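Taking it in order: structure first as structure tokens, then the write-up.
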Number of protein chains: 2
Amino acid sequence: MVRTNSSPRLIDVAHASGVSIATASRALSGTPGVSDSVAEKVRQAARELGYVANLHARSLASGSTATIGLVVHEIGDPYFSEIASGVLSLAAEHGRTVQICHTGRDPEAEVEQVRSLVANRVGAILIAGSGFVDASVEAPMRFEVQRYAEAGGRVAVVGRHHLGVDSVLPDNRPGGRAVAEHILGLGHRRIVVVSGSLELTTVADRLEGVRDALDAAGLDAGDVPVLEGPFTREGGRECIRRMLADHPRTTAVIALNDDMAIGCLSQLRSSGVSVPGEVSVSGFDDVAVAQDLSPGLTTVRLPMAEMGARALTLALKEPGSRARRQRVPAELVVRDSTGPAAR
Amino acid sequence: MVRTNSSPRLIDVAHASGVSIATASRALSGTPGVSDSVAEKVRQAARELGYVANLHARSLASGSTATIGLVVHEIGDPYFSEIASGVLSLAAEHGRTVQICHTGRDPEAEVEQVRSLVANRVGAILIAGSGFVDASVEAPMRFEVQRYAEAGGRVAVVGRHHLGVDSVLPDNRPGGRAVAEHILGLGHRRIVVVSGSLELTTVADRLEGVRDALDAAGLDAGDVPVLEGPFTREGGRECIRRMLADHPRTTAVIALNDDMAIGCLSQLRSSGVSVPGEVSVSGFDDVAVAQDLSPGLTTVRLPMAEMGARALTLALKEPGSRARRQRVPAELVVRDSTGPAAR
DNA sequence: CTGAAAGCGCTTACAG
DNA sequence: CTGAAAGCGCTTACAG
């Protein structure tokens, strides 16, 4: 039979170098127990034929894969694309490939994607993005993840609790506290929080931190309106419109992520409100563009790429006897979008 | 033998539903030729067992994969993350999974990544991002891609010529011309182009468009300095510093992508130069954040997500007798970063 | 150090 | 419509 137009197989390499496929396999995968001279001969033949091992066959035979699965809410969102960047870079160093899926923050799509990764028999699954305050929403996800883990799969999450697996957890609450203290320290008292869905644990944690600071300052958290909208730039714009209508005397806006903060800046500008002259605005995450905005965005820095890389590192390690947690410090970065309370 | 802790296999489903694995396979994959009642029984059993087919086995047996490979320069860059977003969304609709790799704009890493995708026997490869003007730099890539295509693989590229495969090509040249005409129309004559590496075809094409406009206006393109730097925000800042030093009377900056334009705005602001009062700035791409900058960025819109989706559509189609090309129109979007030449 | 052979979990002609 | 069997391209005990 003539094999036209298709990739050479291990057996072709074996023939070309005059050894068995067992030896060829060992030589190519670097398994010890092959004489150097033979190994070199095999590698040479492989190179000449342009041989690339079929990873499906390899996975099927060996029962393990070099592929990593990464689940994010939305890859077009800088928070997630920066995490993905950290994962991809480290994965490449380890010779791992990465399969990415995004879920549009839909809990059901999320479960579906995890199932599909399991079907692909990826060696590890990384999940980035907030979980849900309501544990029952997460139950199916938790079930899927646990089943995979019990079958020997490795899982690590970024910014998500409740899943019972290794996790990289940014200091959302201390970060929220730090930024709120900054705002309070500037003398602001008529403050509004611009927030994504309160169903998200990330939002809940950051908000908790803001309340810690209000409490510590002897203020009543109940006096600080929380405007809820989509966790996006458009959500930020929307909330500012509501703020201008319902809380016109506000002097500071604490947005719970940079995307919303960017939307806030944009809407304030369109509405002719000066920042920070009339209203101060802060964000959270420190996405790359935050420093290039005008005014530069005061925010809480999270090292997204590093968080992604750390999650991968956890997943690549042997599992511990129980879930590991790595805290990632959040650092307040003061730029030009916040200033002293004027009025 | 007891199989503990591992996923159910097709044979388990077959046993549970009292049919052969052949029938079970057909029922589950939707191959016609199975009675409805039997098919339903099999599906039911699969559901109860939580069966998920092993895609490696499936690929090996069938010789085809549902996985798509996507190569980008840097996933953290919004241009690419928006393309990726389009690809991921459409892929999910088609039940395809996507493996992403980024290359840091390194031609060698690029080839390596393509080889790894080939090894994974992905069903199609999508490559996004500029090629190189110097064809010899692209030769290895072209070789790899062609070999894959000849072996039956499908390839499509976004914003890249020279690879001899299906392509989605944004109107870089007409876009460059449009934005330059806009700048000229505002009366600017002391113009500077802020540009990524001239080795990149994307840069070369956009620049060509700018020159078209200069020519048409009867100007000498040689009088317009082209400041070259990294195709990033930091590159934009760098170029502005050079511009302020070497071409202080400049009234308009044409940046060849939004990332550089954002860096330009940032550096001009730090340097106390008002935009568009003293200097106008334009970008290219219209990344999501462009409209939320202050001032809003005048730029050339490219529908990145759609371009990604189109490339996938091409790759999913049967190959044509020759490489297909889809042009994507570029649309000038005028915002607040450009204004009449003042001085 | 090397090889023959079983097996990974599917799909798909080939028969019936 | 259904099943027995070959085969996809590897890896890895098991012998030697």
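Ligands are numbered from 1 in the order shown, chains are lettered A, B, ... in the order of the structure tokens, and residues start at 1 in each chain.
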
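Using only C-alpha atoms (C1' of nucleotides), the chain B residues found within 12 Å of chain C amount to Ser7, Pro8, Arg9, Leu10, Ile11, Asp12, Ile21, Ala22, Thr23, Ala24, Ser25, Arg26, Leu28, Ser29, Thr31, Val52, Ala53, Asn54, Leu55, His56, Ala57, Arg58, Ser59, Leu60, Ala61, Ser62, Gly63 and Ser64 of chain B.
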
Which neighbours of stretch 259-263 of chain B fall inside 7 Å, counting only C-alpha atoms (C1' of nucleotides), when residues of the same chain fewer than 3 positions from it are skipped, and could you give them as a count of residues only?
14

For A:Leu302, find every residue with an atom within 10 Å (counting only C-alpha atoms (C1' of nucleotides)), except residues of its own chain fewer than 6 positions away, and show them as number ranges by chain.
A: 79, 170-172, 175, 284-287, 328-332

Just-selected residues, C-alpha atoms written as a JSON list (two decimals), in the first residue's frame:
[["chain", "number", "residue", "atom", "x", "y", "z"],
["A", 79, "TYR", "CA", -8.36, 40.40, 32.86],
["A", 170, "PRO", "CA", -6.10, 37.18, 45.02],
["A", 171, "ASP", "CA", -6.56, 39.29, 48.12],
["A", 172, "ASN", "CA", -9.85, 40.70, 46.98],
["A", 175, "GLY", "CA", -7.63, 45.05, 48.16],
["A", 284, "PHE", "CA", -9.58, 47.03, 40.54],
["A", 285, "ASP", "CA", -7.23, 44.63, 38.67],
["A", 286, "ASP", "CA", -4.77, 47.00, 37.02],
["A", 287, "VAL", "CA", -5.20, 45.75, 33.49],
["A", 328, "VAL", "CA", -1.84, 36.65, 45.97],
["A", 329, "PRO", "CA", -1.34, 40.08, 47.51],
["A", 330, "ALA", "CA", -3.27, 43.00, 46.03],
["A", 331, "GLU", "CA", -1.43, 46.26, 45.81],
["A", 332, "LEU", "CA", -2.99, 49.71, 45.72]]

All helix (DSSP H, G or I) residues (DSSP, backbone) inside stretch 204-324 of chain A, as a VMD selection string
chain A and resid 204 to 216 221 to 223 233 to 246 258 to 270 288 to 292 304 to 316

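Neighbours of stretch 305-317 of chain A closer than or equal to 8 Å, with only C-alpha atoms (C1' of nucleotides) counted and sequence neighbours fewer than 4 positions away skipped, come out as A:Glu82, A:Ile83, A:Ala84, A:Ser85, A:Gly86, A:Val87, A:Ser89, A:Leu90, A:Ala91, A:Ala124, A:Ile125, A:Leu126, A:Arg154, A:Val155, A:Ala156, A:Val157, A:Val158, A:Asp166, A:Ser167, A:Val168, A:Val328.
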
Can you check which residues of stretch 7-141 of chain A DSSP gives as strand (DSSP E) on the backbone and send them as an NGL selection string?
:A and (67-72 or 97-102 or 124-128)

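Distance check against chain B using only C-alpha atoms: of A:Ala92, A:Val210, A:Ala46, A:Ala27, the minimum falls on A:Ala92.
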
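Excluding A:Leu214 itself and same-chain residues fewer than 5 positions from it, the residues having an atom within 8 Å of it are Ala180, Glu181, Leu219, Asp220 and Ala221 of chain A, counting only C-alpha atoms (C1' of nucleotides).
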
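Minimum atom-to-atom distances from A:Leu163, A:Leu256, A:Ala204, A:Leu265 to chain B were compared using only C-alpha atoms, and the lowest value belongs to A:Leu265.
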
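Here the question is which of B:Gly209, B:Gly33, B:Gly296, B:Gly339 gets nearest to chain A using only C-alpha atoms, and that residue is B:Gly296.
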
Residues at most 7 Å from stretch 99-102 of chain B, counting only C-alpha atoms (C1' of nucleotides), excluding those fewer than 3 positions away in the same chain, as a ChimeraX atom specification?
/A:88,98-100 /B:67-75,113

Residues as selected, N, CA and C atoms, written as a short mmCIF file (atom, residue, chain, number, x, y, z; two decimals), in the first residue's frame, can you do that?
data_model
loop_
_atom_site.label_atom_id
_atom_site.label_comp_id
_atom_site.auth_asym_id
_atom_site.auth_seq_id
_atom_site.Cartn_x
_atom_site.Cartn_y
_atom_site.Cartn_z
N LEU A 88 -0.18 30.48 28.92
CA LEU A 88 0.40 30.04 27.65
C LEU A 88 1.93 30.08 27.69
N VAL A 98 -2.17 24.21 25.24
CA VAL A 98 -3.29 24.70 26.04
C VAL A 98 -4.55 24.82 25.21
N GLN A 99 -5.59 24.27 25.72
CA GLN A 99 -6.88 24.35 25.06
C GLN A 99 -7.72 25.34 25.86
N ILE A 100 -8.19 26.39 25.18
CA ILE A 100 -8.92 27.42 25.92
C ILE A 100 -10.39 27.41 25.55
N THR B 67 -10.69 19.38 17.09
CA THR B 67 -9.91 20.46 17.67
C THR B 67 -9.35 21.40 16.61
N ILE B 68 -9.43 22.69 16.90
CA ILE B 68 -8.89 23.72 16.04
C ILE B 68 -7.66 24.30 16.72
N GLY B 69 -6.61 24.53 15.98
CA GLY B 69 -5.44 25.20 16.54
C GLY B 69 -5.44 26.67 16.16
N LEU B 70 -5.14 27.53 17.10
CA LEU B 70 -5.08 28.96 16.81
C LEU B 70 -3.73 29.51 17.27
N VAL B 71 -3.03 30.13 16.34
CA VAL B 71 -1.73 30.71 16.66
C VAL B 71 -1.85 32.23 16.63
N VAL B 72 -1.48 32.88 17.71
CA VAL B 72 -1.50 34.35 17.75
C VAL B 72 -0.13 34.83 18.23
N HIS B 73 0.11 36.10 18.02
CA HIS B 73 1.39 36.63 18.49
C HIS B 73 1.43 36.73 20.00
N GLU B 74 0.38 37.31 20.56
CA GLU B 74 0.37 37.50 22.02
C GLU B 74 -1.08 37.60 22.46
N ILE B 75 -1.53 36.64 23.24
CA ILE B 75 -2.95 36.60 23.60
C ILE B 75 -3.32 37.74 24.53
N GLN B 113 5.29 26.17 17.15
CA GLN B 113 3.91 26.02 17.60
C GLN B 113 3.07 25.31 16.54
#

Non-local contacts of stretch 189-199 of chain A (6 Å; only C-alpha atoms (C1' of nucleotides); under 6 positions in same chain excluded) as a PyMOL selection string:
chain A and resi 132-133+224-231+250-256

Pick out the closest residue to B:Glu110 from this set: B:Asp134, B:Ser37, B:Arg96, B:Pro140. Count only C-alpha atoms.
B:Pro140

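You will find atom CA of B:Gly185 at 8.4 Å from atom CA of B:Pro340.
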